[in-house]
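The structure file input-v5.txt is reproduced below (compact mmCIF, C-alpha atoms).
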# COMPACT_ATOMS: atom_id res chain seq x y z
CA MET A 1 118.50 110.52 110.33
CA LYS A 2 118.11 107.07 108.76
CA ASP A 3 115.88 104.59 110.62
CA TYR A 4 118.30 101.66 110.73
CA ASP A 5 117.01 98.37 112.14
CA THR A 6 113.48 99.61 112.66
CA LEU A 7 110.01 98.72 111.42
CA GLN A 8 107.03 101.10 111.38
CA ARG A 9 103.38 100.71 110.50
CA PHE A 10 101.50 103.48 108.70
CA LEU A 11 97.88 104.06 107.76
CA PHE A 12 96.08 106.15 105.19
CA ASP A 13 93.27 107.83 107.10
CA ASP A 14 89.75 107.45 105.70
CA THR A 15 90.83 104.50 103.52
CA ASP A 16 91.21 100.74 103.89
CA ILE A 17 94.92 100.80 103.00
CA ARG A 18 97.65 100.08 105.52
CA GLY A 19 101.41 99.79 105.18
CA GLU A 20 104.69 98.74 106.72
CA ILE A 21 108.11 100.30 106.19
CA ALA A 22 111.42 98.85 107.40
CA THR A 23 115.15 99.43 107.13
CA LEU A 24 117.92 97.00 108.08
CA GLY A 25 121.42 98.07 109.02
CA ALA A 26 123.44 96.18 111.63
CA SER A 27 120.96 93.28 111.59
CA TYR A 28 121.65 92.80 107.87
CA GLN A 29 125.40 93.21 108.26
CA GLU A 30 125.58 90.63 111.07
CA ILE A 31 123.91 88.05 108.84
CA ILE A 32 126.01 88.54 105.71
CA LYS A 33 129.33 88.82 107.54
CA LEU A 34 128.97 85.21 108.69
CA GLN A 35 129.29 84.00 105.11
CA ASP A 36 131.50 85.03 102.19
CA TYR A 37 128.66 85.93 99.85
CA PRO A 38 129.34 87.53 96.46
CA ALA A 39 127.97 91.07 96.19
CA SER A 40 124.91 90.15 94.11
CA VAL A 41 123.99 87.35 96.50
CA ALA A 42 124.33 89.59 99.57
CA LEU A 43 122.19 92.29 97.95
CA LEU A 44 119.40 89.84 97.13
CA LEU A 45 119.55 88.33 100.61
CA GLY A 46 119.07 91.85 102.00
CA GLU A 47 115.84 92.12 100.04
CA PHE A 48 114.70 88.72 101.32
CA LEU A 49 115.37 89.73 104.92
CA VAL A 50 113.43 93.00 104.71
CA ALA A 51 110.62 91.21 102.83
CA ALA A 52 110.27 88.66 105.64
CA THR A 53 110.13 91.53 108.12
CA LEU A 54 107.38 93.33 106.22
CA ILE A 55 105.27 90.21 105.72
CA SER A 56 105.59 89.22 109.36
CA ALA A 57 104.48 92.68 110.45
CA SER A 58 101.46 92.57 108.15
CA LEU A 59 99.97 89.52 109.89
CA LYS A 60 97.17 89.83 112.44
CA HIS A 61 98.71 87.29 114.83
CA ALA A 62 102.25 86.47 115.94
CA ALA A 63 103.93 83.97 113.64
CA MET A 64 107.25 82.95 112.16
CA VAL A 65 107.48 83.91 108.49
CA THR A 66 109.87 82.24 106.06
CA VAL A 67 110.49 83.60 102.56
CA GLN A 68 112.36 81.07 100.43
CA VAL A 69 113.25 80.45 96.80
CA THR A 70 114.69 77.37 95.16
CA GLY A 71 115.91 77.20 91.60
CA ASP A 72 118.27 75.71 89.04
CA GLY A 73 120.63 78.67 88.82
CA PRO A 74 123.98 79.35 90.52
CA VAL A 75 122.02 80.10 93.72
CA THR A 76 119.98 76.97 94.40
CA ALA A 77 118.26 78.21 97.57
CA MET A 78 117.84 81.44 99.54
CA MET A 79 115.88 81.79 102.74
CA ALA A 80 115.03 84.56 105.19
CA GLU A 81 113.14 84.02 108.44
CA CYS A 82 111.47 86.53 110.74
CA THR A 83 110.09 85.53 114.13
CA GLU A 84 108.03 87.44 116.68
CA GLY A 85 109.78 90.60 117.81
CA GLN A 86 111.34 91.24 114.39
CA LYS A 87 114.16 88.75 114.90
CA LEU A 88 115.87 87.84 111.64
CA ARG A 89 118.13 85.20 110.20
CA GLY A 90 118.90 84.03 106.67
CA ILE A 91 120.99 81.64 104.60
CA VAL A 92 121.99 81.05 100.97
CA ARG A 93 123.12 77.91 99.15
CA GLY A 94 124.69 77.66 95.73
CA ASP A 95 127.79 77.38 93.59
CA TYR A 96 129.24 80.89 93.57
CA SER A 97 132.04 79.89 91.18
CA LEU A 98 129.40 80.06 88.41
CA LEU A 99 128.83 83.78 89.05
CA PRO A 100 130.69 86.59 87.25
CA ALA A 101 133.18 88.28 89.54
CA ASP A 102 131.93 91.87 89.44
CA ASP A 103 128.51 91.98 87.79
CA VAL A 104 125.37 92.81 89.76
CA LEU A 105 122.93 90.11 88.71
CA SER A 106 119.14 90.00 88.70
CA LEU A 107 117.00 87.48 90.53
CA PRO A 108 116.46 85.30 87.40
CA GLU A 109 120.20 85.34 86.67
CA LEU A 110 120.96 84.17 90.22
CA ILE A 111 118.10 81.73 90.82
CA GLY A 112 117.19 80.58 87.31
CA ALA A 113 113.86 78.81 86.93
CA GLY A 114 112.34 78.17 90.33
CA THR A 115 109.64 78.75 92.90
CA LEU A 116 108.93 81.17 95.73
CA ALA A 117 107.47 79.80 98.96
CA ILE A 118 106.02 81.79 101.84
CA THR A 119 105.60 79.78 105.03
CA ILE A 120 103.66 81.08 108.02
CA GLU A 121 103.90 79.22 111.32
CA PRO A 122 101.64 80.93 113.88
CA ASP A 123 102.19 80.62 117.62
CA GLN A 124 98.72 79.10 117.70
CA GLY A 125 97.02 77.43 114.78
CA GLU A 126 98.04 75.52 111.69
CA ARG A 127 101.10 76.05 109.55
CA TYR A 128 100.41 77.51 106.10
CA GLN A 129 102.56 77.57 102.97
CA GLY A 130 101.89 79.18 99.61
CA ILE A 131 104.05 78.48 96.56
CA VAL A 132 104.23 80.34 93.23
CA LYS A 133 106.56 80.19 90.24
CA LEU A 134 109.20 82.89 89.82
CA GLU A 135 107.69 84.94 87.03
CA SER A 136 109.10 88.41 87.68
CA GLU A 137 112.46 90.09 87.19
CA ASP A 138 112.73 91.03 90.88
CA LEU A 139 111.63 89.83 94.31
CA SER A 140 109.13 92.66 94.71
CA GLY A 141 107.22 91.51 91.63
CA CYS A 142 107.34 87.86 92.72
CA LEU A 143 105.92 88.74 96.13
CA GLU A 144 103.13 90.83 94.61
CA HIS A 145 102.25 87.87 92.39
CA TYR A 146 102.19 85.61 95.47
CA PHE A 147 99.81 87.89 97.35
CA ASN A 148 97.52 88.32 94.38
CA GLN A 149 97.42 84.58 93.63
CA SER A 150 97.80 82.77 96.95
CA ALA A 151 96.64 85.32 99.49
CA GLN A 152 94.23 87.11 97.11
CA LEU A 153 95.15 90.41 98.73
CA LEU A 154 96.08 93.49 96.70
CA THR A 155 99.66 94.24 97.71
CA LYS A 156 102.36 96.60 96.50
CA ILE A 157 105.99 96.10 97.58
CA LYS A 158 109.22 97.94 96.84
CA LEU A 159 112.54 96.56 98.07
CA ALA A 160 116.05 97.96 97.84
CA SER A 161 119.47 97.02 99.19
CA CYS A 162 123.08 98.17 99.10
CA SER A 163 126.27 96.94 100.72
CA GLY A 164 125.36 98.48 104.08
CA SER A 165 121.59 98.35 104.39
CA ALA A 166 118.30 97.11 102.99
CA SER A 167 114.94 98.86 102.95
CA GLY A 168 111.40 98.02 101.98
CA ILE A 169 107.87 99.36 101.93
CA LEU A 170 104.65 97.36 101.70
CA ILE A 171 101.06 98.52 101.31
CA GLN A 172 97.93 96.36 101.28
CA GLN A 173 94.30 96.92 100.42
CA MET A 174 92.29 95.52 103.28
CA PRO A 175 88.62 94.44 102.92
CA VAL A 176 86.82 97.48 101.59
CA THR A 177 84.36 99.19 103.94
CA GLN A 178 83.84 102.29 101.81
CA ASP A 179 82.60 102.87 98.26
CA HIS A 180 84.29 100.31 95.99
CA ASP A 181 84.89 102.74 93.11
CA LYS A 182 86.46 105.24 95.49
CA ALA A 183 88.58 102.49 97.06
CA LEU A 184 89.86 101.40 93.62
CA THR A 185 90.71 104.97 92.66
CA THR A 186 92.56 105.48 95.95
CA TRP A 187 94.49 102.22 95.52
CA GLN A 188 95.53 103.16 91.99
CA HIS A 189 96.70 106.57 93.21
CA VAL A 190 98.75 105.13 96.08
CA THR A 191 100.39 102.43 93.97
CA THR A 192 101.18 104.90 91.20
CA MET A 193 102.95 107.11 93.70
CA MET A 194 104.90 104.14 95.09
CA ASP A 195 106.19 103.39 91.60
CA THR A 196 107.97 106.76 91.63
CA LEU A 197 110.12 105.83 94.66
CA LYS A 198 113.72 105.41 93.57
CA THR A 199 116.18 102.89 94.99
CA ALA A 200 118.50 105.65 96.20
CA GLU A 201 115.63 107.28 98.06
CA GLN A 202 114.77 104.05 99.85
CA ILE A 203 118.38 103.60 100.86
CA ASP A 204 119.09 107.22 101.86
CA LEU A 205 115.85 108.67 103.24
CA SER A 206 114.28 108.15 106.66
CA HIS A 207 110.90 106.44 106.88
CA ASN A 208 109.16 109.76 107.50
CA ASP A 209 110.92 111.38 104.53
CA GLN A 210 110.07 108.48 102.23
CA LEU A 211 106.39 108.69 103.12
CA TYR A 212 106.38 112.48 102.81
CA ARG A 213 108.10 112.22 99.43
CA LEU A 214 105.39 109.84 98.22
CA PHE A 215 102.22 110.82 100.03
CA HIS A 216 102.52 114.40 101.33
CA GLN A 217 99.12 115.16 99.79
CA ASP A 218 97.49 112.23 101.59
CA ASN A 219 96.61 111.77 105.25
CA VAL A 220 99.24 109.28 106.41
CA ARG A 221 99.86 108.35 110.03
CA LEU A 222 103.24 106.83 110.89
CA PHE A 223 103.33 104.75 114.08
CA GLU A 224 106.06 104.12 116.64
CA ALA A 225 109.17 102.27 115.49
CA LYS A 226 109.87 98.67 116.49
CA LYS A 227 113.39 97.28 116.76
CA ILE A 228 114.73 94.72 114.26
CA SER A 229 117.64 92.45 115.20
CA PHE A 230 119.57 89.40 114.09
CA PHE A 231 118.81 86.37 116.20
CA CYS A 232 119.52 82.68 115.70
CA SER A 233 117.27 80.13 117.38
CA CYS A 234 119.88 77.38 117.47
CA SER A 235 120.75 76.01 120.92
CA LEU A 236 122.55 73.17 122.64
CA GLN A 237 119.20 71.56 123.44
CA ARG A 238 118.06 71.61 119.83
CA THR A 239 121.39 70.26 118.63
CA VAL A 240 121.25 67.38 121.11
CA LYS A 241 117.70 66.57 120.00
CA ALA A 242 118.75 66.52 116.34
CA LEU A 243 121.73 64.27 117.03
CA SER A 244 119.60 61.84 119.04
CA TYR A 245 117.76 60.89 115.84
CA ILE A 246 121.00 59.69 114.26
CA GLY A 247 121.61 56.92 116.79
CA ILE A 248 124.33 56.19 119.30
CA GLU A 249 126.26 53.69 117.18
CA GLU A 250 126.81 56.04 114.25
CA LEU A 251 127.71 58.93 116.57
CA LEU A 252 130.25 56.85 118.49
CA GLU A 253 131.78 55.71 115.22
CA THR A 254 132.30 59.38 114.32
CA VAL A 255 133.90 60.02 117.74
CA ALA A 256 136.25 57.07 117.21
CA GLU A 257 137.34 58.48 113.87
CA GLN A 258 137.42 62.22 114.65
CA GLU A 259 137.59 62.40 118.51
CA PHE A 260 134.28 64.28 118.68
CA VAL A 261 131.07 65.06 116.81
CA GLN A 262 130.94 68.66 115.65
CA VAL A 263 127.82 70.52 114.55
CA THR A 264 128.06 74.05 113.13
CA CYS A 265 124.94 76.19 112.81
CA GLN A 266 124.49 77.32 109.21
CA PHE A 267 122.92 80.59 110.31
CA CYS A 268 125.23 81.91 113.04
CA ALA A 269 128.35 79.69 112.73
CA GLN A 270 128.04 78.55 116.38
CA ASN A 271 129.99 75.32 116.95
CA TYR A 272 128.74 72.50 119.18
CA GLN A 273 131.13 69.67 120.01
CA PHE A 274 130.34 66.33 121.67
CA GLY A 275 132.80 63.77 122.93
CA GLU A 276 132.19 60.13 123.86
CA ALA A 277 130.83 60.93 127.34
CA GLU A 278 128.36 63.51 126.00
CA ILE A 279 127.17 61.15 123.25
CA LYS A 280 126.52 58.32 125.72
CA ALA A 281 124.71 60.68 128.08
CA MET A 282 122.26 61.60 125.30
CA PHE A 283 120.92 58.06 125.25
CA LYS A 284 120.64 57.50 129.01
CA PRO A 285 117.09 58.34 130.12
CA THR A 286 118.16 59.18 133.67
CA GLU A 287 121.00 61.43 132.60
CA ASP A 288 121.20 64.49 130.40
CA ILE A 289 124.05 66.70 129.35
CA ILE A 290 121.68 69.68 129.52
CA HIS A 291 121.23 71.10 133.04
Here is the file; what I need is its structure written in the form of structure tokens.
Amino acid sequence: MKDYDTLQRFLFDDTDIRGEIATLGASYQEIIKLQDYPASVALLLGEFLVAATLISASLKHAAMVTVQVTGDGPVTAMMAECTEGQKLRGIVRGDYSLLPADDVLSLPELIGAGTLAITIEPDQGERYQGIVKLESEDLSGCLEHYFNQSAQLLTKIKLASCSGSASGILIQQMPVTQDHDKALTTWQHVTTMMDTLKTAEQIDLSHNDQLYRLFHQDNVRLFEAKKISFFCSCSLQRTVKALSYIGIEELLETVAEQEFVQVTCQFCAQNYQFGEAEIKAMFKPTEDIIH
């Protein structure tokens, strides 16, 4: 049985290597159904979403993780965000009329020349962002380059997606506590085995079956599954706060022209509408439209 919308940690006993494995199903479908993405764009967004999940799970402390690229191709920006509790959302921006109708395109063909940014916003502590150039043919390679350059942490990632799901596996070499030569040999063995994992196997096999297929000769422990879900953090309160920065005069001018101010969340398509009374209430310190 496929492990849809779950994340699991695994460890290689007697080594300093740990891993995360995740598969998205309904959570991925809920995100892409909100927008009319071409097939290639939806497939790449699936990889971004599972990548954000894996990176978030690999952190020691709770934090919001954002994986984002910007470029000069038909897709100018793509972003996936994972918050505590494996809650996902994502968005894409670009001119899809520049894309071929039926072709499945690679990351460079979609994004062009650009950069990859990983942003980590912990619940406590300072925000961190690392940026690297897109120098690989796929997102997995770009992320490995990021970890090796910015995080200086040996990391191996494999991502896969189809029209119905997205799956990914991540392993990392933690600070070595054993013999360094033995640790290097073990890392090379594990990464070599990961290279043999096929896209179809990631899509079709359960987490347990994937790990058995790769590492049945190694001592691997697979931990309890955690639920992954789509969740948008937009709210009426946040929308009111954002509008308050615009100023009452400009907002009332919009109401006079269009009868109300409308704000639509780019992530979940939720509509917020404000008439004249609501706009005026925003700027009265003793009154608030939020109860």
Notebook entry, point to check: With all atoms listed in the file as the atoms that count, which of A:Gln210, A:Gln270, A:Thr254, A:Ser58 lies nearest to Leu236 in chain A?
Noted result: A:Gln270
Next item on the list: Starting from the point (101.6, 76.8, 94.0), work out which residues of protein, DNA or RNA have an atom no more than 10 Å away when counting all atoms listed in the file; state them as a PyMOL selection string.
Entry: chain A and resi 115-117+129-133+146+149-150
Notebook entry, point to check: So, counting all atoms listed in the file, which residue among A:Arg127, A:Arg9, A:Lys2, A:Lys60 is closest to Ile21 in chain A?
Noted result: A:Arg9
Checklist line | Counting all atoms listed in the file, the residue of A:Val190, A:Val261, A:Met282, A:Cys232 that sits nearest Asp16 in chain A | finding: A:Val190
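Distances here use all atoms listed in the file; by that measure, the residue among A:Gly90, A:Gly85, A:Gly247, A:Gly71 closest to Lys33 in chain A is A:Gly90.
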Next item on the list: Please identify all polymer residues lying at most 12 Å from the point (102.9, 111.8, 102.5) (file coordinates), using all atoms listed in the file, and present the result as a PyMOL selection string.
Entry: chain A and resi 10-13+190+193-194+207-222
Notebook entry, point to check: Of the candidates A:Glu135, A:Thr119, A:Arg238, A:Tyr245, which one gets nearest to Tyr272 in chain A if we count only C-alpha atoms?
Noted result: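 Ranking A:Glu135, A:Thr119, A:Arg238, A:Tyr245 by distance to Tyr272 in chain A, first place goes to A:Arg238.
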Item checked: Selection near Ile157 in chain A, 8 Å with only C-alpha atoms, sequence-local residues under 3 positions removed, as number ranges by chain -> A: 140-141, 143-144, 168-171
Margin query: Report as a ChimeraX atom specification all protein, DNA and RNA residues lying within 10 Å of Asp123 in chain A, evaluated on all atoms listed in the file, omitting residues in the same chain fewer than 3 positions from it.
Written below: /A:61-64,83-84,120,126-127
Expected file contents, prior selection, C-alpha atoms, as a compact mmCIF listing (two decimals), keeping the file's coordinate frame:
# COMPACT_ATOMS: atom_id res chain seq x y z
CA HIS A 61 98.71 87.29 114.83
CA ALA A 62 102.25 86.47 115.94
CA ALA A 63 103.93 83.97 113.64
CA MET A 64 107.25 82.95 112.16
CA THR A 83 110.09 85.53 114.13
CA GLU A 84 108.03 87.44 116.68
CA ILE A 120 103.66 81.08 108.02
CA GLU A 126 98.04 75.52 111.69
CA ARG A 127 101.10 76.05 109.55
Item checked: Shortest interatomic distance to Pro175 in chain A - which of A:Val104, A:Ile17, A:Ala277, A:Leu205, counting all atoms listed in the file -> A:Ile17
Next item on the list: List the neighbours of Cys268 in chain A out to 10 Å using all atoms listed in the file; skip same-chain residues closer than 4 positions along the sequence, and give me the result as a list in words.
Entry: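 Once the nearby chain positions are removed, what remains is Glu30, Ile31, Ile32, Lys33, Leu34, Gln35, Arg89, Gly90, Ile91, Phe230, Phe231, Cys232, Ser233, Cys234 and Thr264 of chain A.
Those residues that approach Gly164 in chain A to within 10 Å, counting only C-alpha atoms, are Leu24, Gly25, Ala26, Tyr28, Gln29, Leu43, Gly46, Ser161, Cys162, Ala166 and Ile203 of chain A; same-chain residues fewer than 2 positions away are not listed.
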Notebook entry, point to check: Could you work out how far CA of Thr23 in chain A lies from CA of Leu184 in chain A, giving the answer in Å with one decimal?
Noted result: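 Calculated distance between CA of Leu184 in chain A and CA of Thr23 in chain A is 28.7 Å.
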Note to self: Please compute the CA of Glu81 in chain A-CA of Ala101 in chain A distance, one decimal, in Å.
What the structure shows: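 For CA of Glu81 in chain A relative to CA of Ala101 in chain A, the distance reads 27.9 Å.
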Item checked: Exercise: Leu107 in chain A partners within 8 Å, all atoms listed in the file, chain neighbours under 2 positions left out, as a list in words -> Leu44, Leu105, Glu109, Leu110, Ile111, Gly112, Glu137, Asp138 and Leu139 of chain A
Notebook entry, point to check: What is the distance, in Å and to one decimal place, between CA of Met79 in chain A and CA of Ser167 in chain A?
Noted result: 17.1 Å
